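**Q** Pasting in a structure now, in C-alpha cells, and then I'll have a few things to ask.
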2 protein chains.
Amino acid sequence: MRKELEKRLERAMAYQTALTLFEWDNETLAPEEAGPYTARVQGILSEAYQEVMTDPQMRELLEEAEQENVPGEENTDVDRAVIREAKEELDRLACIPPREYRAYQELVADSARICAKARKENDFESFAPTLEKIVFWQKKFAGYQAKEGQKLYDVMLDTYEKGFDMAHLDPFFELLRKEIVPLLHQVMNADSVSIDDSFLSGEYDEDKQRELGEFLAKYVGFDFKKGVLATSAHPFTTNLHNHDVRITTHYKDRVDSSLFSVIHESGHAVYEMGIADELTQTLVGQGASMGMHESQSRFFENLIGRSEAFWVPLYGKLKELFPEELRGVGREMFVRAINKVQPGLIRTEADELTYSLHVLVRYELEKKLIEEDLDVRELPKLWGDLYEKYLGIRPANDAEGVLQDIHWAQGSFGYFPSYALGSAFGAQMYAYMRTQMDVDGLLETGKLEVIREYLREHVHRFGKMKTSAEIIRDMTGEDFNPHYYVNYLKDKYQKLYRLNLE
Amino acid sequence: MRKELEKRLERAMAYQTALTLFEWDNETLAPEEAGPYTARVQGILSEAYQEVMTDPQMRELLEEAEQENVPGEENTDVDRAVIREAKEELDRLACIPPREYRAYQELVADSARICAKARKENDFESFAPTLEKIVFWQKKFAGYQAKEGQKLYDVMLDTYEKGFDMAHLDPFFELLRKEIVPLLHQVMNADSVSIDDSFLSGEYDEDKQRELGEFLAKYVGFDFKKGVLATSAHPFTTNLHNHDVRITTHYKDRVDSSLFSVIHESGHAVYEMGIADELTQTLVGQGASMGMHESQSRFFENLIGRSEAFWVPLYGKLKELFPEELRGVGREMFVRAINKVQPGLIRTEADELTYSLHVLVRYELEKKLIEEDLDVRELPKLWGDLYEKYLGIRPANDAEGVLQDIHWAQGSFGYFPSYALGSAFGAQMYAYMRTQMDVDGLLETGKLEVIREYLREHVHRFGKMKTSAEIIRDMTGEDFNPHYYVNYLKDKYQKLYRLNLE
Ligand SMILES: [Zn+2]
Ligand SMILES: [Zn+2]
C-alpha cells in the first residue's frame with residue numbers, strides 16, 4: 001500500500017481513537033461542567049475525521065491502491081480488507097452534503113439530554129419533535145446512501161450487520177415470534193416449578209463485588225495489562241485498540257447484576273483483545289460487527305456463565321465472599337435463580353429468554369417508522385400494545401416504555417436487531433462447539449481457556465477481515481441458522497421449568 | 001476575526017485538548033501495554049496540530065486579521081491576544097524543517113524510558129548519548145528560532161517565561177546565591193532550635209488521607225464540578241480547559257507529602273478554573289506562563305498553606321482525622337514541623353528554603369550545556385560539586401543526582417528557572433496583598449476565599465492575555481522585584497530558627 005494512503009488512514013484512525021477516549025472519559029470520570037466543551041472538541045475531531053476520509057484524493061488513492069500495478073506496493077490481505085472498509089466508509093460519508101450532516105450533528109448533540117429529561121419527567125411529547133427530526137434526517141441520509149431499489153431500513157441495517165437485511169431478518173424474527181412467545185407462555189404457566197431468587201438481592205458489599213468482578217473478568221480471559229475495569233451508570237465496553245480495551249460495571253443491591261455485566265463486558269473485551277496484532281490500529285482492527293460482538297458477550301454471559309458447569313469450580317469462591325448472603329443456598333439453587341424467567345419492561349434487565357422479545361418489539365416499530373412513515377407520536381401506544389402482546393405486560397408510563405433506550409435519540413436505527421442476532425450467532429457456535437469438544441467438562445474442570453482459545457482462533461483474531469456470515473460459515477460449516485438458538489432456549493427452559501415436551 | 005481563521009484555530013485547540021487527555025490518561029489509568037500505541041496516536045495528533053498551525057494560509061489569515069480592514073470583522077481584545085499567540089507559535093514551529101523535527105520527536109519519544117532505565121540502574125553513561133543528541137537538536141532548533149544576535153539559551157528561556165532572559169535571571173539567581181546560601185548555613189548551625197517532625201511519618205490511613213485531600217482541595221477553592229482528583233506516581237495538574245481541570249496526588253507514609261501536594265496542585269487548578277469564560281478553548285485560555293503557574297501553586301502551598309494562620313481553623317479537622325498519629329502534637333508544633341529545613345538531594349521533596357537552590361544548580365548547568373558546550377558526560381561531577389557548594393551534600397549516585405528529573409529527557413531546557421521565579425512572583429504578590437488586606441486575619445477566620453478572589457481578579461482571569469511581567473506590574477504597581485522573596489525567606493526562617501538578626 002502507498003505510504004501516502006497509509007498516512008491518511010493512520011490519521012483517520014488517530015482521530016477515531018481520540019474520539020473513543022473522550023467517550024470513555026465522559027462516561028467514567030469527566031467533571032459535570034465539561035460536557036458542552038468536550039462535545040465541541042468531539043465535533044471538531046469528527047469533522048476532521050470526515051475530511052480525511054472523504055477528501056477527493058482519498059478515493060483516487062484507494063482506487064490506485066486496488067490496482068496494485070506499482071512494483072513493491074502489492075497489497076497484503078490486510079491491505080485489501082482495509083481498502084474495502086475505507087471505500088465503504090467513504091461512500092457512506094461522501095454522499096451526505098456536509099451542511100446537512102452538520103445540521104444533523106447539532107440536533108443529535110443535544111438529543112440524548114432531551115431524551116433523558118423526557119424520561120425523567122415521563123413526558124414523551126417533549127421528546128417527540130426531536131425524534132421526528134432525527135427520523136427525518138436518518139431517512140434522508142439513507143436515501144443518499146441507498147443503492148438502486150434498496151429500501152431505507154435495509155440501508156440502516158447494513159450499517160450494523162452487513163448482509164442481514166429485512167429479507168433475512170423478517171423470517172428470523174418471525175421464528176422468534178412463533179417459538180419464543182408460546183414458550184414464554186408455557187414457562188409462566190408452569191405452576192409446578194417456583195424458583196426462589198430472593199437471596200440475589202440484599203446488602204452485597206461493594207468492595208467484595210469489586211473483588212468478585214475482577215476475579216471473574218480475569219477468569220473469563222480479560223487481560224489487565226491490556227485493559228481497565230471501571231464503574232459507570234450503565235456497563236459498557238470501549239476499545240481504543242486490541243492493547244487497550246476498557247470495561248465498566250455498576251454495583252447494585254442485586255449481586256447478579258454486576259456479576260453478569262462483568263462477564264458480559266469481559267466477553268466483548270476478550271473479543272477485542274483477541275484480534276491479531278497485524279490489524280491493530282487499522283480500519284479492520286475491531287470486531288466484525290455489532291451482532292458478532294453481542295454473540296461473544298452473550299456467549300460468555302449466558303451460554304457459559306449461566307450454565308451449571310461454569311459454577312462448578314467457582315461457586316465455592318462466591319460462597320466464601322458472601323457466606324451470610326448465600327447461607328443455605330447450594331449451587332443448584334443458585335444456578336436456578338440466575339436463570340429465572342420474569343418478563344419485565346426494561347430491555348437491559350431482561351432474562352435470557354425474554355430478551356429477544358424486547359428486540360422484536362423494537363424491530364417491528366423501526367420498520368414502521370422507516371418503511372411505513374409511522375408518526376412518532378403513535379409510538380407510546382404501539383409500544384405498549386406490542387409489550388402486552390409478546391410479554392404480557394404493559395408499561396405504566398413512557399419512562400419504562402418507549403423512552404428507556406438511548407439508541408433512537410442517538411440516531412441509531414437498525415442497531416437493535418444485532419442484539420437478537422448476536423444471541424442467535426452465539427447459540428449456533430455453541431451448538432457446533434459441543435460437537436468438537438466437551439464444553440461442560442472443560443467448564444467443570446476450570447479449563448475455560450480452551451473454549452476461549454477456540455473462539456479466538458475461529459472468531460476473534462480476524463477482526464473485520466471477515467463478515468459475521470463468513471465467520472459463522474467458516475467455523476461451523478453451515479450458514480447462519482436461527483434454529484440452534486430456538487432449540488437451545490426450548491431445551492434449556494423446558495428442563496428448568498419441567499415443561500411437557502410436546 | 002474571520003470565520004476561516006477561527007475554524008483553524010479551533011481545530012488546533014481540539015488537537016491540543018485530545019493530546020492533553022491522552023497525557024492524563026497515560027499517567028492515571030491507561031493499561032500497561034497501551035504505551036507505544038498511544039504514543040503513535042499522540043505523534044499523529046501533534047503532527048496534525050503542527051500542520052494546522054504552520055499551513056501557509058495560516059500566516060496570511062493571521063496577517064489579514066491583524067489589519068482589521070473588513071467591516072464587521074473587527075478584533076476584540078481576546079482576538080488580538082489570540083492572533084499574537086498564534087503568530088508566535090507559527091514562528092516557533094514553522095522555522096524548523098519538518099524532517100528534523102520528526103527525527104527529534106522519534107528521539108524524544110523514547111528518551112524518558114531510557115532515562116528511567118538509567119535511573120533505575122544508576123547508570124548515567126547509558127543515558128548520555130541520548131541526552132547529547134537532545135541537546136544537539138534543542139540548540140539547532142533554538143538557532144532557527146533565534147532573533148538577530150539572540151543567545152540560544154535565551155531563546156529557550158523565552159518559551160517558558162517571556163521576557164526573562166539571562167540578563168534578568170543572572171542577577172536573580174546571583175541574589176539567591178548571595179542571600180539564601182548563607183541563610184541556609186545559619187539555619188543548619190542554629191543549634192539552639194531543634195524541630196521534631198517525626199510524627200509526620202507513620203501509618204497514615206490512605207482513605208483518611210483521601211478524605212483530607214478532598215477537603216483541602218475544596219477549601220482552597222477546587223471546584224469538583226469542574227475538576228477531578230485522582231492518584232498518580234507523581235502529583236501533577238492537567239487542564240483541558242477552565243471547566244475541566246484535573247489534579248493528582250499520591251498517598252505516602254509521610255502525611256505532609258499528600259497534604260501539601262494537594263494544596264499545591266489545587267493552586268494550579270484554582271488558577272485555571274479562574275480563567276475568564278471568554279477565553280475558554282482559545283490559545284490564551286491557559287495560565288500566563290510556567291512561572292506564573294508556579295507562583296499560584298506555591299502561593300497556596302507555602303505562603304498560605306505553611307502559615308500558622310492557615311491552620312487555625314483547620315488543625316482541629318486534622319486532629320479529628322488522625323487522633324492517634326497526632327496525639328500530643330499541638331498546632332504550633334505541627335506548623336513548625338511542616339516548615340523544618342532539611343537539605344536533601346531530591347528537588348521535588350525539598351523544603352521551601354532549599355527549593356530554589358536546587359533550581360540554581362540546574363540553571364548554572366543549563367547555561368553551561370547550552371552556552372558553553374559543556375560535554376554532557378561532565379554533568380554528574382559538576383552536579384555533585386554544585387550540590388556540595390550550595391546545599392552541603394553530595395549525591396552518592398546519579399539516580400539521586402543528575403538523573404532525578406525528567407525535564408532534560410523531554411528536551412525541556414529553560415524550564416527549571418520558572419520554579420524559582422514562580423516562588424519569587426508569589427512572594428511579591430503576597431507582600432503586596434498584605435498591604436491591601438489582613439491576610440492572616442482572613443486565614444484565621446476561614447475566609448480564604450477573599451484571598452483567592454483577589455488573585456482571580458488580578459491574576460487568574462486574564463489567562464495568557466497578559467505576560468507575567470504585566471500581571472505583576474498591574475497588580476503591585478511595581479516591576480518584578482526578587483527582594484520580596486529573599487526578605488520573606490529571611491524573615492520566616494530567622495524567626496523559626498531564632499537566628500541573630502545581623
Ligand atoms: Zn453487549
Ligand atoms: Zn507545580
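If you're wondering about the labels, chains in the C-alpha cells are A, B, ... by order shown, residues count from 1 in each chain, ligands from 1 in order shown.
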Please determine the contact residues of chain A with respect to chain B at a cut-off of 9 Å, counting only C-alpha atoms, and supply them as a PyMOL selection string.
**A** chain A and resi 10-11+13-15+17-19+21-22+25+29-35+37-38+40-42+44-45+48+224-228+240-246+280-281
**Q** Go ahead and save the picked residues with N, CA, C and O atoms, as a compact mmCIF listing (two decimals), in the first residue's frame.
**A**
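Saved file again-v1.txt follows:
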# COMPACT_ATOMS: atom_id res chain seq x y z
N GLU A 10 -3.94 6.27 8.78
CA GLU A 10 -3.44 6.35 10.16
C GLU A 10 -3.99 7.57 10.87
O GLU A 10 -4.36 7.52 12.05
N ARG A 11 -4.04 8.66 10.14
CA ARG A 11 -4.55 9.88 10.76
C ARG A 11 -6.04 9.73 11.10
O ARG A 11 -6.48 10.10 12.18
N MET A 13 -7.57 7.03 11.82
CA MET A 13 -7.67 6.15 12.99
C MET A 13 -7.30 6.90 14.27
O MET A 13 -7.87 6.66 15.33
N ALA A 14 -6.31 7.79 14.17
CA ALA A 14 -5.91 8.55 15.36
C ALA A 14 -7.06 9.43 15.84
O ALA A 14 -7.33 9.52 17.04
N TYR A 15 -7.78 10.04 14.91
CA TYR A 15 -8.94 10.85 15.31
C TYR A 15 -10.00 9.97 15.97
O TYR A 15 -10.60 10.33 16.98
N THR A 17 -9.50 7.17 17.56
CA THR A 17 -9.02 6.75 18.88
C THR A 17 -9.22 7.87 19.89
O THR A 17 -9.65 7.63 21.03
N ALA A 18 -8.95 9.09 19.47
CA ALA A 18 -9.15 10.23 20.37
C ALA A 18 -10.63 10.36 20.72
O ALA A 18 -11.00 10.57 21.88
N LEU A 19 -11.50 10.21 19.72
CA LEU A 19 -12.94 10.28 19.98
C LEU A 19 -13.37 9.21 20.98
O LEU A 19 -14.18 9.46 21.87
N LEU A 21 -11.52 7.83 23.29
CA LEU A 21 -11.05 8.17 24.63
C LEU A 21 -11.95 9.22 25.28
O LEU A 21 -12.26 9.13 26.47
N PHE A 22 -12.39 10.20 24.50
CA PHE A 22 -13.30 11.21 25.05
C PHE A 22 -14.61 10.56 25.51
O PHE A 22 -15.17 10.92 26.55
N ASP A 25 -13.97 8.73 28.74
CA ASP A 25 -13.74 9.70 29.81
C ASP A 25 -15.06 10.34 30.25
O ASP A 25 -15.32 10.50 31.44
N LEU A 29 -15.50 9.54 34.13
CA LEU A 29 -14.72 10.42 35.00
C LEU A 29 -14.96 11.91 34.83
O LEU A 29 -14.94 12.64 35.82
N ALA A 30 -15.19 12.36 33.61
CA ALA A 30 -15.17 13.80 33.31
C ALA A 30 -16.07 14.58 34.27
O ALA A 30 -17.14 14.11 34.65
N PRO A 31 -15.62 15.77 34.68
CA PRO A 31 -16.45 16.56 35.59
C PRO A 31 -17.72 17.07 34.90
O PRO A 31 -17.76 17.20 33.68
N GLU A 32 -18.71 17.33 35.74
CA GLU A 32 -20.03 17.74 35.29
C GLU A 32 -20.04 18.84 34.22
O GLU A 32 -20.74 18.74 33.22
N GLU A 33 -19.27 19.88 34.46
CA GLU A 33 -19.37 21.04 33.57
C GLU A 33 -18.62 20.88 32.26
O GLU A 33 -18.71 21.72 31.38
N ALA A 34 -17.84 19.80 32.12
CA ALA A 34 -17.02 19.66 30.92
C ALA A 34 -17.87 19.36 29.67
O ALA A 34 -17.46 19.68 28.55
N GLY A 35 -19.05 18.78 29.89
CA GLY A 35 -19.89 18.28 28.80
C GLY A 35 -19.91 19.08 27.51
O GLY A 35 -19.42 18.61 26.47
N TYR A 37 -18.21 21.53 26.41
CA TYR A 37 -16.89 21.85 25.83
C TYR A 37 -16.29 20.63 25.15
O TYR A 37 -15.70 20.70 24.08
N THR A 38 -16.47 19.49 25.82
CA THR A 38 -15.99 18.24 25.23
C THR A 38 -16.76 17.96 23.94
O THR A 38 -16.18 17.53 22.95
N ARG A 40 -17.88 19.97 21.87
CA ARG A 40 -17.31 20.81 20.80
C ARG A 40 -16.03 20.17 20.25
O ARG A 40 -15.85 20.09 19.03
N VAL A 41 -15.18 19.73 21.13
CA VAL A 41 -13.93 19.08 20.69
C VAL A 41 -14.26 17.83 19.88
O VAL A 41 -13.68 17.57 18.83
N GLN A 42 -15.25 17.07 20.36
CA GLN A 42 -15.64 15.86 19.64
C GLN A 42 -16.18 16.21 18.25
O GLN A 42 -15.88 15.54 17.27
N ILE A 44 -15.36 18.75 16.42
CA ILE A 44 -14.25 19.14 15.55
C ILE A 44 -13.46 17.92 15.11
O ILE A 44 -13.05 17.80 13.95
N LEU A 45 -13.25 16.99 16.03
CA LEU A 45 -12.49 15.78 15.67
C LEU A 45 -13.26 14.91 14.66
O LEU A 45 -12.65 14.35 13.75
N ALA A 48 -12.86 16.51 11.35
CA ALA A 48 -11.52 16.24 10.82
C ALA A 48 -11.45 14.82 10.26
O ALA A 48 -10.86 14.58 9.19
N PHE A 224 -5.55 -7.71 32.30
CA PHE A 224 -5.45 -6.37 32.89
C PHE A 224 -4.21 -5.59 32.43
O PHE A 224 -4.11 -4.41 32.71
N LYS A 225 -3.29 -6.23 31.74
CA LYS A 225 -2.18 -5.48 31.14
C LYS A 225 -2.66 -4.74 29.89
O LYS A 225 -2.01 -3.83 29.40
N LYS A 226 -3.78 -5.19 29.35
CA LYS A 226 -4.32 -4.58 28.13
C LYS A 226 -5.66 -3.92 28.38
O LYS A 226 -6.40 -3.63 27.44
N GLY A 227 -6.01 -3.74 29.63
CA GLY A 227 -7.35 -3.21 29.86
C GLY A 227 -7.57 -2.67 31.25
O GLY A 227 -6.74 -2.82 32.14
N VAL A 228 -8.73 -2.07 31.42
CA VAL A 228 -9.09 -1.38 32.64
C VAL A 228 -10.53 -1.76 32.97
O VAL A 228 -11.35 -1.89 32.07
N LEU A 240 -9.90 1.15 22.50
CA LEU A 240 -9.05 2.06 21.74
C LEU A 240 -8.33 1.25 20.66
O LEU A 240 -8.14 1.72 19.56
N HIS A 241 -7.92 0.06 21.00
CA HIS A 241 -7.33 -0.91 20.07
C HIS A 241 -7.11 -2.18 20.88
O HIS A 241 -7.42 -2.19 22.08
N ASN A 242 -6.57 -3.22 20.25
CA ASN A 242 -6.53 -4.51 20.95
C ASN A 242 -5.58 -4.56 22.15
O ASN A 242 -5.58 -5.54 22.88
N HIS A 243 -4.79 -3.50 22.37
CA HIS A 243 -3.97 -3.46 23.57
C HIS A 243 -4.51 -2.47 24.61
O HIS A 243 -3.81 -2.15 25.58
N ASP A 244 -5.70 -1.96 24.36
CA ASP A 244 -6.30 -1.04 25.32
C ASP A 244 -7.82 -1.14 25.22
O ASP A 244 -8.46 -0.43 24.45
N VAL A 245 -8.37 -2.06 26.00
CA VAL A 245 -9.80 -2.33 25.97
C VAL A 245 -10.34 -2.11 27.38
O VAL A 245 -9.78 -2.61 28.35
N ARG A 246 -11.39 -1.34 27.50
CA ARG A 246 -11.85 -0.93 28.83
C ARG A 246 -13.30 -1.34 29.04
O ARG A 246 -14.12 -1.19 28.16
N THR A 280 -3.93 -4.23 14.41
CA THR A 280 -4.00 -3.15 15.40
C THR A 280 -3.97 -1.77 14.75
O THR A 280 -3.13 -1.51 13.90
N GLN A 281 -4.89 -0.91 15.20
CA GLN A 281 -4.94 0.47 14.72
C GLN A 281 -5.14 0.60 13.21
O GLN A 281 -4.70 1.56 12.60
**Q** Pick out the residues no farther than 10 Å from ligand 1, counting only C-alpha atoms and all ligand atoms, and list them as a PDB file with N, CA and C atoms, in the first residue's frame.
**A**
ATOM      1  N   PRO A 235     -23.184  -0.364  32.360  1.00  0.00           N
ATOM      2  CA  PRO A 235     -21.972  -1.066  31.937  1.00  0.00           C
ATOM      3  C   PRO A 235     -21.762  -0.955  30.428  1.00  0.00           C
ATOM      4  N   PHE A 236     -20.516  -0.827  30.020  1.00  0.00           N
ATOM      5  CA  PHE A 236     -20.206  -0.813  28.588  1.00  0.00           C
ATOM      6  C   PHE A 236     -18.751  -1.194  28.369  1.00  0.00           C
ATOM      7  N   THR A 237     -18.412  -1.429  27.098  1.00  0.00           N
ATOM      8  CA  THR A 237     -17.038  -1.731  26.705  1.00  0.00           C
ATOM      9  C   THR A 237     -16.587  -0.691  25.697  1.00  0.00           C
ATOM     10  N   SER A 261     -22.908  -8.514  34.383  1.00  0.00           N
ATOM     11  CA  SER A 261     -22.468  -7.454  33.480  1.00  0.00           C
ATOM     12  C   SER A 261     -20.953  -7.512  33.316  1.00  0.00           C
ATOM     13  N   HIS A 264     -20.399 -10.297  30.823  1.00  0.00           N
ATOM     14  CA  HIS A 264     -20.833  -9.824  29.510  1.00  0.00           C
ATOM     15  C   HIS A 264     -19.779  -8.891  28.879  1.00  0.00           C
ATOM     16  N   GLU A 265     -19.398  -7.857  29.622  1.00  0.00           N
ATOM     17  CA  GLU A 265     -18.442  -6.897  29.057  1.00  0.00           C
ATOM     18  C   GLU A 265     -17.073  -7.552  28.859  1.00  0.00           C
ATOM     19  N   SER A 266     -16.713  -8.483  29.730  1.00  0.00           N
ATOM     20  CA  SER A 266     -15.451  -9.210  29.519  1.00  0.00           C
ATOM     21  C   SER A 266     -15.506 -10.006  28.221  1.00  0.00           C
ATOM     22  N   GLY A 267     -16.695 -10.505  27.888  1.00  0.00           N
ATOM     23  CA  GLY A 267     -16.856 -11.205  26.609  1.00  0.00           C
ATOM     24  C   GLY A 267     -16.556 -10.280  25.441  1.00  0.00           C
ATOM     25  N   HIS A 268     -17.090  -9.064  25.494  1.00  0.00           N
ATOM     26  CA  HIS A 268     -16.755  -8.068  24.463  1.00  0.00           C
ATOM     27  C   HIS A 268     -15.241  -7.826  24.433  1.00  0.00           C
ATOM     28  N   ALA A 269     -14.675  -7.674  25.631  1.00  0.00           N
ATOM     29  CA  ALA A 269     -13.263  -7.311  25.727  1.00  0.00           C
ATOM     30  C   ALA A 269     -12.353  -8.430  25.234  1.00  0.00           C
ATOM     31  N   MET A 290     -21.629  -5.417  15.184  1.00  0.00           N
ATOM     32  CA  MET A 290     -22.314  -5.336  16.463  1.00  0.00           C
ATOM     33  C   MET A 290     -22.871  -6.702  16.856  1.00  0.00           C
ATOM     34  N   GLY A 291     -23.447  -7.382  15.884  1.00  0.00           N
ATOM     35  CA  GLY A 291     -24.047  -8.684  16.169  1.00  0.00           C
ATOM     36  C   GLY A 291     -22.990  -9.696  16.608  1.00  0.00           C
ATOM     37  N   HIS A 293     -20.240  -9.033  17.969  1.00  0.00           N
ATOM     38  CA  HIS A 293     -19.802  -8.641  19.309  1.00  0.00           C
ATOM     39  C   HIS A 293     -20.756  -9.171  20.375  1.00  0.00           C
ATOM     40  N   GLU A 294     -22.041  -8.964  20.135  1.00  0.00           N
ATOM     41  CA  GLU A 294     -23.014  -9.450  21.107  1.00  0.00           C
ATOM     42  C   GLU A 294     -22.984 -10.978  21.184  1.00  0.00           C
ATOM     43  N   SER A 295     -22.641 -11.618  20.098  1.00  0.00           N
ATOM     44  CA  SER A 295     -22.565 -13.087  20.145  1.00  0.00           C
ATOM     45  C   SER A 295     -21.516 -13.513  21.173  1.00  0.00           C
ATOM     46  N   GLN A 296     -20.404 -12.772  21.224  1.00  0.00           N
ATOM     47  CA  GLN A 296     -19.338 -13.144  22.146  1.00  0.00           C
ATOM     48  C   GLN A 296     -19.676 -12.767  23.586  1.00  0.00           C
ATOM     49  N   SER A 297     -20.209 -11.566  23.780  1.00  0.00           N
ATOM     50  CA  SER A 297     -20.542 -11.148  25.149  1.00  0.00           C
ATOM     51  C   SER A 297     -21.627 -12.050  25.723  1.00  0.00           C
ATOM     52  N   ARG A 298     -22.619 -12.375  24.895  1.00  0.00           N
ATOM     53  CA  ARG A 298     -23.714 -13.223  25.383  1.00  0.00           C
ATOM     54  C   ARG A 298     -23.293 -14.690  25.501  1.00  0.00           C
ATOM     55  N   GLU A 301     -21.699 -14.550  28.857  1.00  0.00           N
ATOM     56  CA  GLU A 301     -22.676 -14.229  29.909  1.00  0.00           C
ATOM     57  C   GLU A 301     -23.694 -15.352  30.098  1.00  0.00           C
ATOM     58  N   THR A 348     -32.628  -3.881  29.220  1.00  0.00           N
ATOM     59  CA  THR A 348     -31.301  -4.188  29.757  1.00  0.00           C
ATOM     60  C   THR A 348     -31.356  -5.049  31.018  1.00  0.00           C
ATOM     61  N   SER A 418     -29.207  -6.353  16.069  1.00  0.00           N
ATOM     62  CA  SER A 418     -27.935  -7.046  16.343  1.00  0.00           C
ATOM     63  C   SER A 418     -27.942  -7.768  17.672  1.00  0.00           C
ATOM     64  N   TYR A 419     -28.690  -7.231  18.651  1.00  0.00           N
ATOM     65  CA  TYR A 419     -28.719  -7.893  19.952  1.00  0.00           C
ATOM     66  C   TYR A 419     -29.299  -9.309  19.839  1.00  0.00           C
ATOM     67  N   GLY A 422     -27.048 -11.493  17.666  1.00  0.00           N
ATOM     68  CA  GLY A 422     -25.876 -11.917  18.420  1.00  0.00           C
ATOM     69  C   GLY A 422     -26.170 -13.153  19.253  1.00  0.00           C
TER      70      GLY A 422
END
**Q** Determine the nearest neighbour of His185 (chain A) from the options A:Leu107, A:Ile370, A:Leu353, A:Leu360, counting only C-alpha atoms.
**A**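 Smallest distance to His185 (chain A) is found for A:Leu353.
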**Q** Skip Lys317 (chain A) itself and residues of its chain fewer than 4 positions away, then list as a list in words all residues within 12 Å of it, counting only C-alpha atoms.
**A**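 Near neighbours after the sequence-gap exclusion: Lys208, Gln209, Glu211, Leu212, Gly213, Phe215, Leu216, Trp311, Val312, Pro313, Leu321, Phe322, Pro323, Leu326 and Arg331 of chain A.
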**Q** Produce a file of the selected residues containing C-alpha atoms, as a compact mmCIF listing (two decimals), in the first residue's frame.
**A**
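Final output, out27.txt:
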# COMPACT_ATOMS: atom_id res chain seq x y z
CA LYS A 208 -16.42 -7.67 47.67
CA GLN A 209 -18.47 -7.26 44.50
CA GLU A 211 -13.14 -8.27 44.08
CA LEU A 212 -15.52 -10.79 42.53
CA GLY A 213 -15.78 -8.70 39.36
CA PHE A 215 -11.74 -12.25 39.60
CA LEU A 216 -14.43 -13.15 37.06
CA TRP A 311 -20.19 -22.62 38.51
CA VAL A 312 -18.76 -25.99 39.48
CA PRO A 313 -15.24 -24.64 40.08
CA LEU A 321 -17.05 -13.98 49.58
CA PHE A 322 -20.67 -13.88 50.68
CA PRO A 323 -21.15 -16.52 53.40
CA LEU A 326 -25.72 -17.14 50.45
CA ARG A 331 -25.00 -24.35 43.80
**Q** Would you compute the distance between CA of Asn397 (chain A) and CA of Asn122 (chain A)? Give it in Å to one decimal.
**A**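 Value for the CA of Asn397 (chain A)-CA of Asn122 (chain A) distance: 6.5 Å.
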**Q** Give me the residues near Ala424 (chain B) as a PyMOL selection string, where near means some atom within 8 Å (using only C-alpha atoms) and where sequence neighbours in that chain fewer than 6 positions away do not count.
**A** chain B and resi 295+481-482+484-485
**Q** From the set B:Asn302, B:Val459, B:Lys466, B:Leu357, which residue has the shortest atom-to-atom contact distance to ligand 2, counting only C-alpha atoms and all ligand atoms?
**A**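 Closest residue, counting only C-alpha atoms and all ligand atoms: B:Asn302.
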**Q** From a DSSP pass on the backbone, collect the residues of region 146-365 of chain B flagged as alpha helix (DSSP H) and hand them back as number ranges by chain.
**A** B: 152-160, 166-188, 206-220, 255-273, 290-298, 308-311, 315-321, 331-337, 355-365
**Q** Using DSSP assignments from the backbone, pull out every residue in region 201-343 of chain B that falls under strand (DSSP E or B) and give it to me as number ranges by chain.
**A** B: 201, 227-231, 237-241, 244-249, 254
**Q** Need to verify the contact set: region 151-159 of chain A, 6 Å, only C-alpha atoms, exclusion of same-chain residues closer than 5 positions in sequence. Can you return it as a PyMOL selection string?
**A** chain A and resi 142+146+165+370+414
**Q** What's around Arg394 (chain B) at 9 Å? Count only C-alpha atoms, leave out sequence neighbours fewer than 3 positions away in its own chain, and write the answer as a ChimeraX atom specification.
**A** /B:345,383-389,391,397,401
**Q** Give me, please, the distance in Å between CA of Leu61 (chain B) and CA of Ala81 (chain B), quoted to one decimal.
**A**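 For CA of Leu61 (chain B) relative to CA of Ala81 (chain B), the distance reads 14.9 Å.
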**Q** Could you tell me which of B:Leu382, B:Asn69, B:Tyr415, B:Val181 comes closest to ligand 2 if we count only C-alpha atoms and all ligand atoms?
**A**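 Result for the nearest residue to ligand 2: B:Tyr415.
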**Q** Taking only C-alpha atoms and all ligand atoms into account, name the residue in B:Glu73, B:Glu203, B:Thr249, B:Phe173 that is nearest to ligand 2.
**A**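 Nearest candidate to ligand 2 out of B:Glu73, B:Glu203, B:Thr249, B:Phe173: B:Thr249.
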**Q** May I ask for the distance between CA of Val359 (chain A) and CA of Ala420 (chain A), given in Å to one decimal place?
**A**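 We find that CA of Val359 (chain A) and CA of Ala420 (chain A) lie 6.4 Å from each other.
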**Q** Quick one: everything within 7 Å of region 190-200 of chain A, counting only C-alpha atoms, minus sequence neighbours fewer than 3 positions away in the same chain. Send it as a ChimeraX atom specification.
**A** /A:186-187,254-256,325-326,336-337,340,497,499
**Q** Could you write those residues out with N, CA, C and O atoms, as a compact mmCIF listing (two decimals), in the first residue's frame?
**A**
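What landed in out12.txt:
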# COMPACT_ATOMS: atom_id res chain seq x y z
N GLN A 186 -45.77 -20.89 28.23
CA GLN A 186 -45.67 -22.16 28.96
C GLN A 186 -44.91 -21.99 30.27
O GLN A 186 -45.31 -22.50 31.31
N VAL A 187 -43.78 -21.27 30.18
CA VAL A 187 -42.95 -21.07 31.37
C VAL A 187 -43.74 -20.35 32.46
O VAL A 187 -43.73 -20.75 33.63
N ARG A 254 -28.57 -6.02 43.74
CA ARG A 254 -28.70 -7.37 43.19
C ARG A 254 -27.33 -7.81 42.72
O ARG A 254 -26.80 -7.27 41.74
N VAL A 255 -26.76 -8.80 43.37
CA VAL A 255 -25.37 -9.18 43.06
C VAL A 255 -25.24 -9.72 41.65
O VAL A 255 -24.21 -9.54 41.00
N ASP A 256 -26.30 -10.34 41.11
CA ASP A 256 -26.16 -10.90 39.76
C ASP A 256 -26.06 -9.80 38.70
O ASP A 256 -25.56 -10.03 37.61
N GLU A 325 -24.86 -13.88 52.94
CA GLU A 325 -25.89 -13.64 51.94
C GLU A 325 -26.33 -14.95 51.27
O GLU A 325 -27.48 -15.07 50.83
N LEU A 326 -25.40 -15.90 51.15
CA LEU A 326 -25.72 -17.14 50.45
C LEU A 326 -25.88 -18.32 51.41
O LEU A 326 -25.82 -19.49 50.99
N ARG A 336 -30.32 -22.07 39.38
CA ARG A 336 -31.73 -21.91 39.03
C ARG A 336 -32.15 -20.45 39.16
O ARG A 336 -32.84 -19.91 38.29
N ALA A 337 -31.68 -19.82 40.23
CA ALA A 337 -32.07 -18.42 40.48
C ALA A 337 -31.58 -17.49 39.36
O ALA A 337 -32.29 -16.60 38.91
N LYS A 340 -33.87 -17.63 36.33
CA LYS A 340 -35.31 -17.43 36.50
C LYS A 340 -35.88 -16.53 35.39
O LYS A 340 -35.28 -15.52 35.04
N TYR A 497 -38.07 -25.58 33.75
CA TYR A 497 -39.44 -25.43 34.23
C TYR A 497 -40.26 -26.72 34.08
O TYR A 497 -41.47 -26.70 34.15
N LEU A 499 -41.32 -28.53 31.66
CA LEU A 499 -42.48 -28.41 30.79
C LEU A 499 -42.74 -29.75 30.11
O LEU A 499 -41.83 -30.56 29.93
